[in-house]
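K.L.:
Can you read through this structure? Questions will come right after.
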There are 2 protein chains.
Amino acid sequence: MSPTIRYCEACGHPTAEKIPSGDHLPRRVCRHCGRIHYQNPRMVVGCVAEWQGKVLLCKRAIEPRAGRWTLPAGFLENNETVEEGALRETREEALATVTDPAPFALVNVPHVHQVHLFFRAQLEHGRHGVGAETLETGLFDAAGIPWAEIAFPSVRYALECYLADRSRGQFEFHISTWRQPLSG
Amino acid sequence: MSPTIRYCEACGHPTAEKIPSGDHLPRRVCRHCGRIHYQNPRMVVGCVAEWQGKVLLCKRAIEPRAGRWTLPAGFLENNETVEEGALRETREEALATVTDPAPFALVNVPHVHQVHLFFRAQLEHGRHGVGAETLETGLFDAAGIPWAEIAFPSVRYALECYLADRSRGQFEFHISTWRQPLSG
């Protein structure tokens with residue numbers, strides 16, 4: 001999420017909310033030096049890593065959704081490409097090396113200021129293991145995916161797109177939006 | 001770009017660079033309250049707006065690359081989807097309404113901490129005009145695109161992918177990386 005920027009990152013003085021000249025949205029602007037603090041969505045990048053018809057899932061060790069299954073994924077870092085980020089997260093969370101990443105599903109998550117981007121990739125040697133933010137990893141065939149225990153709607157969407165495309169033998173790029181429920 | 005966060009956004013005290021426990025990258029961490037300030041790439045979203053075989057380009061009124069031609073595009077804002085952002089930027093920069101956005105090209109720009117995402121879209125009624133950050137707008141057929149005056153490599157890549165896919169009658173999703181030149 002995006003906490004309120006109460007103090008200026010450049011000079012440490014308090015900020016106030018205002019719409020800068022020529023802009024159309026309120027920003028946190030420093031009362032002292034005038035710096036405008038822009039806040040923008042962050043990208044989460046991850047992989048559907050496949051091995052002999054199975055896909056790699058991780059049981060989350062951390063909140064949110066600890067104990068639920070997810071695809072290896074995490075925040076894109078500065079100075080890396082989306083492919084590099086997806087491969088790094090797969091290495092960190094599932095101790096797995098993947099090759100040939102191909103982008104195939106993007107999910108907007110505007111209520112938490114995120115954009116999720118998933119790649120298909122090939123799991124090397126079928127090897128995987130338990131990273132620091134993971135309780136357990138496993139390779140699942142289509143019939144074995146624990147749909148009731150999937151951590152996030154974006155992960156469910158990526159898995160559904162992947163399996164549907166694989167069934168018909170043609171992969172496309174998919175885009176969707178995960179909207180916040182009106183209550184709860 | 002990403003300026004150094006010298007003061008804590010939450011409490012205004014000075015930060016220091018350190019690698020937080022369990023992390024693998026240096027972050028700006030508040031010396032007083034311990035807040036970790038993550039900095040991540042920002043998305044730029046835009047459109048190839050087409051009308052009767054022509055594409056809409058904008059001559060930039062602002063730096064960088066003032067006076068060069070670009071596709072309407074700009075930073076994705078919090079609370080909007082990538083499609084909404086691309087349509088908003090097209091409206092702001094070229095006073096143009098587009099429909100049916102379809103994602104087709106992503107360009108990593110890691111040296112400035114950006115990811116550029118372009119959509120194909122249909123320009124309504126062929127109408128366009130000059131937005132606040134634009135000097136001139138125009139509809140160009142393939143032979144008329146001012147290649148020598150294109151503002152950014154990512155825009156050139158998007159236009160090349162678009163024209164090549166259109167020529168062969170099939171659109172795919174393309175991904176590339178714009179690397180910083182070693183000098184200059």
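Naming works like this for the structure tokens: A, B, ... for the chains as they're shown, residue 1 at the start of each chain, ligands 1 onward in shown order.
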Sorted by chain and rising residue number, which residues of chain A lie within 9 Å of chain B, and what are their closest atom pairs and distances in Å to one decimal, counting only C-alpha atoms, as a Markdown table?
P.N.:
```
| residue | atom | partner | partner_atom | distance |
| --- | --- | --- | --- | --- |
| A:Ser2 | CA | B:Asn78 | CA | 8.9 |
| A:Pro3 | CA | B:Ala10 | CA | 8.4 |
| A:Thr4 | CA | B:Ala10 | CA | 7.6 |
| A:Ile5 | CA | B:Glu9 | CA | 4.8 |
| A:Arg6 | CA | B:Glu9 | CA | 5.4 |
| A:Tyr7 | CA | B:Glu9 | CA | 4.6 |
| A:Cys8 | CA | B:Glu9 | CA | 6.2 |
| A:Glu9 | CA | B:Tyr7 | CA | 4.6 |
| A:Ala10 | CA | B:Arg6 | CA | 5.5 |
| A:Cys11 | CA | B:Tyr7 | CA | 6.6 |
| A:Gly12 | CA | B:Gly12 | CA | 4.7 |
| A:His13 | CA | B:Gly12 | CA | 6.6 |
| A:Pro14 | CA | B:Gly12 | CA | 7.5 |
| A:Gly22 | CA | B:Ala132 | CA | 8.4 |
| A:Tyr38 | CA | B:Glu77 | CA | 8.9 |
| A:Gln39 | CA | B:Asn78 | CA | 6.9 |
| A:Asn40 | CA | B:Asn78 | CA | 5.1 |
| A:Pro41 | CA | B:Asn78 | CA | 5.3 |
| A:Arg42 | CA | B:Asn40 | CA | 6.4 |
| A:Met43 | CA | B:Pro41 | CA | 7.5 |
| A:Phe75 | CA | B:Asn40 | CA | 7.7 |
| A:Leu76 | CA | B:Asn40 | CA | 6.5 |
| A:Glu77 | CA | B:Asn40 | CA | 5.2 |
| A:Asn78 | CA | B:Asn40 | CA | 5.2 |
| A:Asn79 | CA | B:Pro110 | CA | 4.6 |
| A:Glu80 | CA | B:Pro110 | CA | 5.5 |
| A:Thr81 | CA | B:Asn108 | CA | 5.5 |
| A:Val82 | CA | B:Asn108 | CA | 7.0 |
| A:Ala102 | CA | B:Ile175 | CA | 8.7 |
| A:Pro103 | CA | B:Phe173 | CA | 8.0 |
| A:Phe104 | CA | B:Phe173 | CA | 8.3 |
| A:Val107 | CA | B:Thr81 | CA | 8.8 |
| A:Asn108 | CA | B:Thr81 | CA | 5.6 |
| A:Val109 | CA | B:Thr81 | CA | 7.5 |
| A:Pro110 | CA | B:Asn79 | CA | 4.6 |
| A:His111 | CA | B:Asn79 | CA | 5.9 |
| A:Val112 | CA | B:Asn79 | CA | 7.7 |
| A:His113 | CA | B:Asn78 | CA | 5.3 |
| A:Gln114 | CA | B:Asn78 | CA | 8.2 |
| A:Val115 | CA | B:Thr81 | CA | 8.0 |
| A:Ala132 | CA | B:Gly22 | CA | 8.4 |
| A:Glu172 | CA | B:Glu172 | CA | 7.7 |
| A:Phe173 | CA | B:Phe173 | CA | 6.3 |
| A:His174 | CA | B:Pro103 | CA | 8.7 |
| A:Ile175 | CA | B:Pro103 | CA | 8.0 |
| A:Thr177 | CA | B:Thr81 | CA | 7.4 |
```
K.L.:
For those residues, write C-alpha atoms to a file as a compact mmCIF listing (two decimals), in the first residue's frame.
P.N.:
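File written: selection_38.txt
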```
# COMPACT_ATOMS: atom_id res chain seq x y z
CA SER A 2 1.00 3.64 -0.04
CA PRO A 3 1.26 5.31 3.36
CA THR A 4 0.88 9.08 3.54
CA ILE A 5 4.17 10.91 3.03
CA ARG A 6 4.05 13.24 6.04
CA TYR A 7 7.60 14.64 5.76
CA CYS A 8 9.70 15.70 2.78
CA GLU A 9 12.20 13.07 1.64
CA ALA A 10 14.64 15.80 0.57
CA CYS A 11 14.60 18.25 3.51
CA GLY A 12 12.61 16.62 6.32
CA HIS A 13 10.02 19.39 6.67
CA PRO A 14 6.27 18.66 6.82
CA GLY A 22 -0.60 21.92 -14.19
CA TYR A 38 4.62 11.28 -6.54
CA GLN A 39 3.28 7.87 -5.56
CA ASN A 40 2.66 5.29 -8.26
CA PRO A 41 1.63 1.65 -8.52
CA ARG A 42 4.23 -1.05 -7.97
CA MET A 43 4.70 -4.13 -10.11
CA PHE A 75 7.90 -6.75 -6.04
CA LEU A 76 9.96 -5.68 -9.02
CA GLU A 77 13.13 -3.91 -7.87
CA ASN A 78 14.84 -0.88 -9.37
CA ASN A 79 17.53 -1.70 -11.96
CA GLU A 80 16.01 -5.01 -13.00
CA THR A 81 13.78 -6.04 -15.89
CA VAL A 82 10.39 -7.69 -15.35
CA ALA A 102 7.30 -15.57 -21.67
CA PRO A 103 4.83 -12.94 -20.40
CA PHE A 104 1.23 -14.15 -20.51
CA VAL A 107 -3.70 -8.34 -13.47
CA ASN A 108 -4.46 -4.80 -12.30
CA VAL A 109 -4.95 -4.54 -8.53
CA PRO A 110 -5.80 -0.84 -8.28
CA HIS A 111 -7.11 -0.86 -4.70
CA VAL A 112 -3.63 -1.77 -3.42
CA HIS A 113 -1.76 0.20 -6.12
CA GLN A 114 -0.25 -2.86 -7.77
CA VAL A 115 0.06 -4.43 -11.21
CA ALA A 132 12.69 -18.03 3.43
CA GLU A 172 -1.99 -15.56 -25.62
CA PHE A 173 -1.47 -12.50 -23.47
CA HIS A 174 -4.30 -12.01 -20.97
CA ILE A 175 -5.30 -8.94 -18.98
CA THR A 177 -8.56 -6.44 -13.07
```
K.L.:
Please write out chain A, superposed on chain B by least squares over all C-alpha atoms matched in order, as a PDB file with C-alpha atoms, in the first residue's frame.
P.N.:
```
ATOM      1  CA  MET A   1      14.329   8.671 -11.679  1.00  0.00           C
ATOM      2  CA  SER A   2      14.562   7.894  -7.991  1.00  0.00           C
ATOM      3  CA  PRO A   3      16.181  10.575  -5.844  1.00  0.00           C
ATOM      4  CA  THR A   4      17.734   9.539  -2.550  1.00  0.00           C
ATOM      5  CA  ILE A   5      15.242   9.552   0.325  1.00  0.00           C
ATOM      6  CA  ARG A   6      17.243  11.572   2.856  1.00  0.00           C
ATOM      7  CA  TYR A   7      14.479  12.004   5.466  1.00  0.00           C
ATOM      8  CA  CYS A   8      11.819   9.647   6.788  1.00  0.00           C
ATOM      9  CA  GLU A   9       8.400  10.126   5.202  1.00  0.00           C
ATOM     10  CA  ALA A  10       6.695   9.122   8.469  1.00  0.00           C
ATOM     11  CA  CYS A  11       8.636  11.075  11.139  1.00  0.00           C
ATOM     12  CA  GLY A  12      10.960  13.485   9.311  1.00  0.00           C
ATOM     13  CA  HIS A  13      14.196  12.205  10.873  1.00  0.00           C
ATOM     14  CA  PRO A  14      17.281  11.399   8.764  1.00  0.00           C
ATOM     15  CA  THR A  15      17.595   8.049   7.012  1.00  0.00           C
ATOM     16  CA  ALA A  16      20.671   5.906   6.440  1.00  0.00           C
ATOM     17  CA  GLU A  17      21.428   3.287   3.828  1.00  0.00           C
ATOM     18  CA  LYS A  18      21.375  -0.264   5.151  1.00  0.00           C
ATOM     19  CA  ILE A  19      20.295  -3.767   4.196  1.00  0.00           C
ATOM     20  CA  PRO A  20      17.351  -4.667   6.437  1.00  0.00           C
ATOM     21  CA  SER A  21      17.322  -8.055   8.158  1.00  0.00           C
ATOM     22  CA  GLY A  22      16.035 -10.700   5.752  1.00  0.00           C
ATOM     23  CA  ASP A  23      16.470  -8.401   2.751  1.00  0.00           C
ATOM     24  CA  HIS A  24      19.149  -8.512   0.065  1.00  0.00           C
ATOM     25  CA  LEU A  25      19.292  -4.904  -1.158  1.00  0.00           C
ATOM     26  CA  PRO A  26      20.269  -1.634   0.537  1.00  0.00           C
ATOM     27  CA  ARG A  27      17.274   0.551   1.455  1.00  0.00           C
ATOM     28  CA  ARG A  28      16.898   3.971   3.038  1.00  0.00           C
ATOM     29  CA  VAL A  29      15.989   3.183   6.652  1.00  0.00           C
ATOM     30  CA  CYS A  30      14.954   5.794   9.248  1.00  0.00           C
ATOM     31  CA  ARG A  31      17.519   6.175  12.048  1.00  0.00           C
ATOM     32  CA  HIS A  32      14.729   7.167  14.434  1.00  0.00           C
ATOM     33  CA  CYS A  33      11.626   5.036  13.769  1.00  0.00           C
ATOM     34  CA  GLY A  34      13.160   2.291  11.621  1.00  0.00           C
ATOM     35  CA  ARG A  35      10.797   2.728   8.664  1.00  0.00           C
ATOM     36  CA  ILE A  36      12.121   1.094   5.509  1.00  0.00           C
ATOM     37  CA  HIS A  37      11.604   3.186   2.356  1.00  0.00           C
ATOM     38  CA  TYR A  38      11.230   0.899  -0.659  1.00  0.00           C
ATOM     39  CA  GLN A  39      11.721   2.364  -4.125  1.00  0.00           C
ATOM     40  CA  ASN A  40      10.416   0.470  -7.123  1.00  0.00           C
ATOM     41  CA  PRO A  41      10.089   0.970 -10.877  1.00  0.00           C
ATOM     42  CA  ARG A  42       7.219   3.042 -12.217  1.00  0.00           C
ATOM     43  CA  MET A  43       5.031   2.133 -15.164  1.00  0.00           C
ATOM     44  CA  VAL A  44       4.554   4.369 -18.196  1.00  0.00           C
ATOM     45  CA  VAL A  45       1.421   3.479 -20.175  1.00  0.00           C
ATOM     46  CA  GLY A  46       0.404   4.686 -23.612  1.00  0.00           C
ATOM     47  CA  CYS A  47      -1.396   3.970 -26.875  1.00  0.00           C
ATOM     48  CA  VAL A  48      -0.900   3.385 -30.539  1.00  0.00           C
ATOM     49  CA  ALA A  49      -4.190   5.004 -31.547  1.00  0.00           C
ATOM     50  CA  GLU A  50      -5.180   4.008 -35.079  1.00  0.00           C
ATOM     51  CA  TRP A  51      -7.583   5.587 -37.539  1.00  0.00           C
ATOM     52  CA  GLN A  52      -8.031   4.405 -41.130  1.00  0.00           C
ATOM     53  CA  GLY A  53      -4.560   2.874 -41.266  1.00  0.00           C
ATOM     54  CA  LYS A  54      -2.837   5.838 -39.654  1.00  0.00           C
ATOM     55  CA  VAL A  55      -1.366   6.214 -36.163  1.00  0.00           C
ATOM     56  CA  LEU A  56      -1.558   9.188 -33.838  1.00  0.00           C
ATOM     57  CA  LEU A  57       1.711  10.855 -32.804  1.00  0.00           C
ATOM     58  CA  CYS A  58       2.377  13.858 -30.559  1.00  0.00           C
ATOM     59  CA  LYS A  59       5.230  16.344 -30.812  1.00  0.00           C
ATOM     60  CA  ARG A  60       6.497  16.863 -27.264  1.00  0.00           C
ATOM     61  CA  ALA A  61       6.265  20.352 -25.744  1.00  0.00           C
ATOM     62  CA  ILE A  62       8.266  19.391 -22.655  1.00  0.00           C
ATOM     63  CA  GLU A  63      11.646  17.920 -21.760  1.00  0.00           C
ATOM     64  CA  PRO A  64      13.049  15.373 -22.150  1.00  0.00           C
ATOM     65  CA  ARG A  65      13.121  15.317 -25.967  1.00  0.00           C
ATOM     66  CA  ALA A  66      11.019  18.449 -26.523  1.00  0.00           C
ATOM     67  CA  GLY A  67      10.233  18.852 -30.230  1.00  0.00           C
ATOM     68  CA  ARG A  68      10.448  15.108 -30.917  1.00  0.00           C
ATOM     69  CA  TRP A  69       7.515  12.855 -31.802  1.00  0.00           C
ATOM     70  CA  THR A  70       6.107  10.330 -29.351  1.00  0.00           C
ATOM     71  CA  LEU A  71       3.105   8.137 -28.673  1.00  0.00           C
ATOM     72  CA  PRO A  72       0.717   9.556 -26.075  1.00  0.00           C
ATOM     73  CA  ALA A  73       1.959   7.990 -22.806  1.00  0.00           C
ATOM     74  CA  GLY A  74       2.726   8.829 -19.210  1.00  0.00           C
ATOM     75  CA  PHE A  75       3.044   7.556 -15.654  1.00  0.00           C
ATOM     76  CA  LEU A  76       0.417   5.180 -14.346  1.00  0.00           C
ATOM     77  CA  GLU A  77      -1.343   6.686 -11.316  1.00  0.00           C
ATOM     78  CA  ASN A  78      -2.475   4.973  -8.132  1.00  0.00           C
ATOM     79  CA  ASN A  79      -6.076   3.691  -8.230  1.00  0.00           C
ATOM     80  CA  GLU A  80      -6.187   3.230 -11.990  1.00  0.00           C
ATOM     81  CA  THR A  81      -5.692   0.221 -14.249  1.00  0.00           C
ATOM     82  CA  VAL A  82      -3.050   0.152 -16.980  1.00  0.00           C
ATOM     83  CA  GLU A  83      -5.826   0.461 -19.598  1.00  0.00           C
ATOM     84  CA  GLU A  84      -7.372   3.451 -17.791  1.00  0.00           C
ATOM     85  CA  GLY A  85      -3.958   5.102 -17.564  1.00  0.00           C
ATOM     86  CA  ALA A  86      -3.229   4.620 -21.267  1.00  0.00           C
ATOM     87  CA  LEU A  87      -6.609   6.088 -22.223  1.00  0.00           C
ATOM     88  CA  ARG A  88      -6.195   9.020 -19.807  1.00  0.00           C
ATOM     89  CA  GLU A  89      -2.761   9.902 -21.197  1.00  0.00           C
ATOM     90  CA  THR A  90      -4.118   9.770 -24.750  1.00  0.00           C
ATOM     91  CA  ARG A  91      -6.923  12.126 -23.713  1.00  0.00           C
ATOM     92  CA  GLU A  92      -4.559  14.515 -21.908  1.00  0.00           C
ATOM     93  CA  GLU A  93      -1.750  14.661 -24.456  1.00  0.00           C
ATOM     94  CA  ALA A  94      -3.702  14.361 -27.725  1.00  0.00           C
ATOM     95  CA  LEU A  95      -7.277  15.317 -26.697  1.00  0.00           C
ATOM     96  CA  ALA A  96      -8.244  11.982 -28.230  1.00  0.00           C
ATOM     97  CA  THR A  97     -10.726   9.323 -27.194  1.00  0.00           C
ATOM     98  CA  VAL A  98      -9.727   5.732 -27.930  1.00  0.00           C
ATOM     99  CA  THR A  99     -11.577   2.452 -27.464  1.00  0.00           C
ATOM    100  CA  ASP A 100     -10.801  -1.275 -27.277  1.00  0.00           C
ATOM    101  CA  PRO A 101      -7.284  -1.066 -25.816  1.00  0.00           C
ATOM    102  CA  ALA A 102      -5.262  -4.262 -26.323  1.00  0.00           C
ATOM    103  CA  PRO A 103      -1.810  -4.619 -24.704  1.00  0.00           C
ATOM    104  CA  PHE A 104       0.896  -5.476 -27.233  1.00  0.00           C
ATOM    105  CA  ALA A 105       4.360  -4.198 -26.249  1.00  0.00           C
ATOM    106  CA  LEU A 106       6.307  -3.947 -22.990  1.00  0.00           C
ATOM    107  CA  VAL A 107       9.717  -2.275 -22.788  1.00  0.00           C
ATOM    108  CA  ASN A 108      11.915  -2.469 -19.699  1.00  0.00           C
ATOM    109  CA  VAL A 109      13.900   0.722 -19.063  1.00  0.00           C
ATOM    110  CA  PRO A 110      15.869  -0.380 -16.001  1.00  0.00           C
ATOM    111  CA  HIS A 111      18.394   2.477 -15.971  1.00  0.00           C
ATOM    112  CA  VAL A 112      15.599   4.970 -15.235  1.00  0.00           C
ATOM    113  CA  HIS A 113      13.528   2.526 -13.141  1.00  0.00           C
ATOM    114  CA  GLN A 114      10.632   2.373 -15.583  1.00  0.00           C
ATOM    115  CA  VAL A 115       8.534  -0.203 -17.418  1.00  0.00           C
ATOM    116  CA  HIS A 116       6.726   1.045 -20.547  1.00  0.00           C
ATOM    117  CA  LEU A 117       3.519  -0.693 -21.640  1.00  0.00           C
ATOM    118  CA  PHE A 118       1.763   0.133 -24.920  1.00  0.00           C
ATOM    119  CA  PHE A 119      -1.750  -0.680 -26.105  1.00  0.00           C
ATOM    120  CA  ARG A 120      -3.281  -0.761 -29.541  1.00  0.00           C
ATOM    121  CA  ALA A 121      -6.541   1.189 -29.565  1.00  0.00           C
ATOM    122  CA  GLN A 122      -9.086   2.664 -31.965  1.00  0.00           C
ATOM    123  CA  LEU A 123      -9.200   6.445 -32.301  1.00  0.00           C
ATOM    124  CA  GLU A 124     -12.787   7.688 -32.181  1.00  0.00           C
ATOM    125  CA  HIS A 125     -13.910   9.728 -35.201  1.00  0.00           C
ATOM    126  CA  GLY A 126     -10.275  10.428 -36.125  1.00  0.00           C
ATOM    127  CA  ARG A 127     -10.363  13.383 -33.743  1.00  0.00           C
ATOM    128  CA  HIS A 128      -7.273  14.682 -31.957  1.00  0.00           C
ATOM    129  CA  GLY A 129      -5.842  17.940 -30.686  1.00  0.00           C
ATOM    130  CA  VAL A 130      -2.998  19.591 -28.840  1.00  0.00           C
ATOM    131  CA  GLY A 131      -2.807  18.845 -25.097  1.00  0.00           C
ATOM    132  CA  ALA A 132      -0.878  20.874 -22.531  1.00  0.00           C
ATOM    133  CA  GLU A 133       2.364  18.864 -22.918  1.00  0.00           C
ATOM    134  CA  THR A 134       2.124  18.729 -26.721  1.00  0.00           C
ATOM    135  CA  LEU A 135       3.132  21.111 -29.533  1.00  0.00           C
ATOM    136  CA  GLU A 136       1.363  19.368 -32.395  1.00  0.00           C
ATOM    137  CA  THR A 137      -0.502  16.128 -33.122  1.00  0.00           C
ATOM    138  CA  GLY A 138      -0.879  14.217 -36.361  1.00  0.00           C
ATOM    139  CA  LEU A 139      -2.064  11.008 -38.004  1.00  0.00           C
ATOM    140  CA  PHE A 140       0.726   9.244 -39.909  1.00  0.00           C
ATOM    141  CA  ASP A 141       0.632   6.350 -42.315  1.00  0.00           C
ATOM    142  CA  ALA A 142       3.474   3.800 -42.235  1.00  0.00           C
ATOM    143  CA  ALA A 143       5.490   5.617 -44.910  1.00  0.00           C
ATOM    144  CA  GLY A 144       5.112   8.989 -43.195  1.00  0.00           C
ATOM    145  CA  ILE A 145       6.325   8.191 -39.671  1.00  0.00           C
ATOM    146  CA  PRO A 146       9.174  10.601 -38.805  1.00  0.00           C
ATOM    147  CA  TRP A 147      11.598   7.867 -37.673  1.00  0.00           C
ATOM    148  CA  ALA A 148      14.526  10.259 -37.325  1.00  0.00           C
ATOM    149  CA  GLU A 149      12.555  12.437 -34.931  1.00  0.00           C
ATOM    150  CA  ILE A 150      11.069   9.788 -32.612  1.00  0.00           C
ATOM    151  CA  ALA A 151      11.588  10.781 -28.974  1.00  0.00           C
ATOM    152  CA  PHE A 152      12.363   7.453 -27.271  1.00  0.00           C
ATOM    153  CA  PRO A 153      13.632   3.971 -28.231  1.00  0.00           C
ATOM    154  CA  SER A 154      10.585   2.412 -26.513  1.00  0.00           C
ATOM    155  CA  VAL A 155       8.246   4.406 -28.778  1.00  0.00           C
ATOM    156  CA  ARG A 156      10.248   3.333 -31.831  1.00  0.00           C
ATOM    157  CA  TYR A 157      10.012  -0.313 -30.699  1.00  0.00           C
ATOM    158  CA  ALA A 158       6.243  -0.083 -30.166  1.00  0.00           C
ATOM    159  CA  LEU A 159       5.728   1.454 -33.593  1.00  0.00           C
ATOM    160  CA  GLU A 160       7.956  -1.160 -35.267  1.00  0.00           C
ATOM    161  CA  CYS A 161       6.118  -4.047 -33.565  1.00  0.00           C
ATOM    162  CA  TYR A 162       2.756  -2.538 -34.418  1.00  0.00           C
ATOM    163  CA  LEU A 163       3.544  -2.056 -38.109  1.00  0.00           C
ATOM    164  CA  ALA A 164       5.180  -5.480 -38.481  1.00  0.00           C
ATOM    165  CA  ASP A 165       2.245  -7.256 -36.813  1.00  0.00           C
ATOM    166  CA  ARG A 166      -0.247  -5.285 -38.869  1.00  0.00           C
ATOM    167  CA  SER A 167       1.574  -6.198 -42.080  1.00  0.00           C
ATOM    168  CA  ARG A 168       1.353  -9.914 -41.371  1.00  0.00           C
ATOM    169  CA  GLY A 169      -2.207  -9.624 -40.054  1.00  0.00           C
ATOM    170  CA  GLN A 170      -1.554 -11.031 -36.583  1.00  0.00           C
ATOM    171  CA  PHE A 171      -0.864  -9.202 -33.345  1.00  0.00           C
ATOM    172  CA  GLU A 172       1.261 -10.697 -30.569  1.00  0.00           C
ATOM    173  CA  PHE A 173       2.595  -9.466 -27.249  1.00  0.00           C
ATOM    174  CA  HIS A 174       6.172  -8.207 -27.528  1.00  0.00           C
ATOM    175  CA  ILE A 175       8.768  -7.591 -24.826  1.00  0.00           C
ATOM    176  CA  SER A 176      12.128  -5.858 -25.000  1.00  0.00           C
ATOM    177  CA  THR A 177      14.669  -3.957 -22.908  1.00  0.00           C
ATOM    178  CA  TRP A 178      16.043  -0.493 -23.614  1.00  0.00           C
ATOM    179  CA  ARG A 179      19.562  -0.561 -22.172  1.00  0.00           C
ATOM    180  CA  GLN A 180      21.455   2.578 -21.330  1.00  0.00           C
ATOM    181  CA  PRO A 181      24.335   3.246 -23.703  1.00  0.00           C
ATOM    182  CA  LEU A 182      27.712   2.557 -22.054  1.00  0.00           C
ATOM    183  CA  SER A 183      28.734   6.185 -22.530  1.00  0.00           C
ATOM    184  CA  GLY A 184      26.901   9.477 -22.893  1.00  0.00           C
TER     185      GLY A 184
END
```
K.L.:
May I have all residues of range 27-56 of chain A that DSSP, computed from the backbone, assigns to strand (DSSP E or B), given as number ranges by chain?
P.N.:
A: 27-30, 36-37, 42-51, 54-56
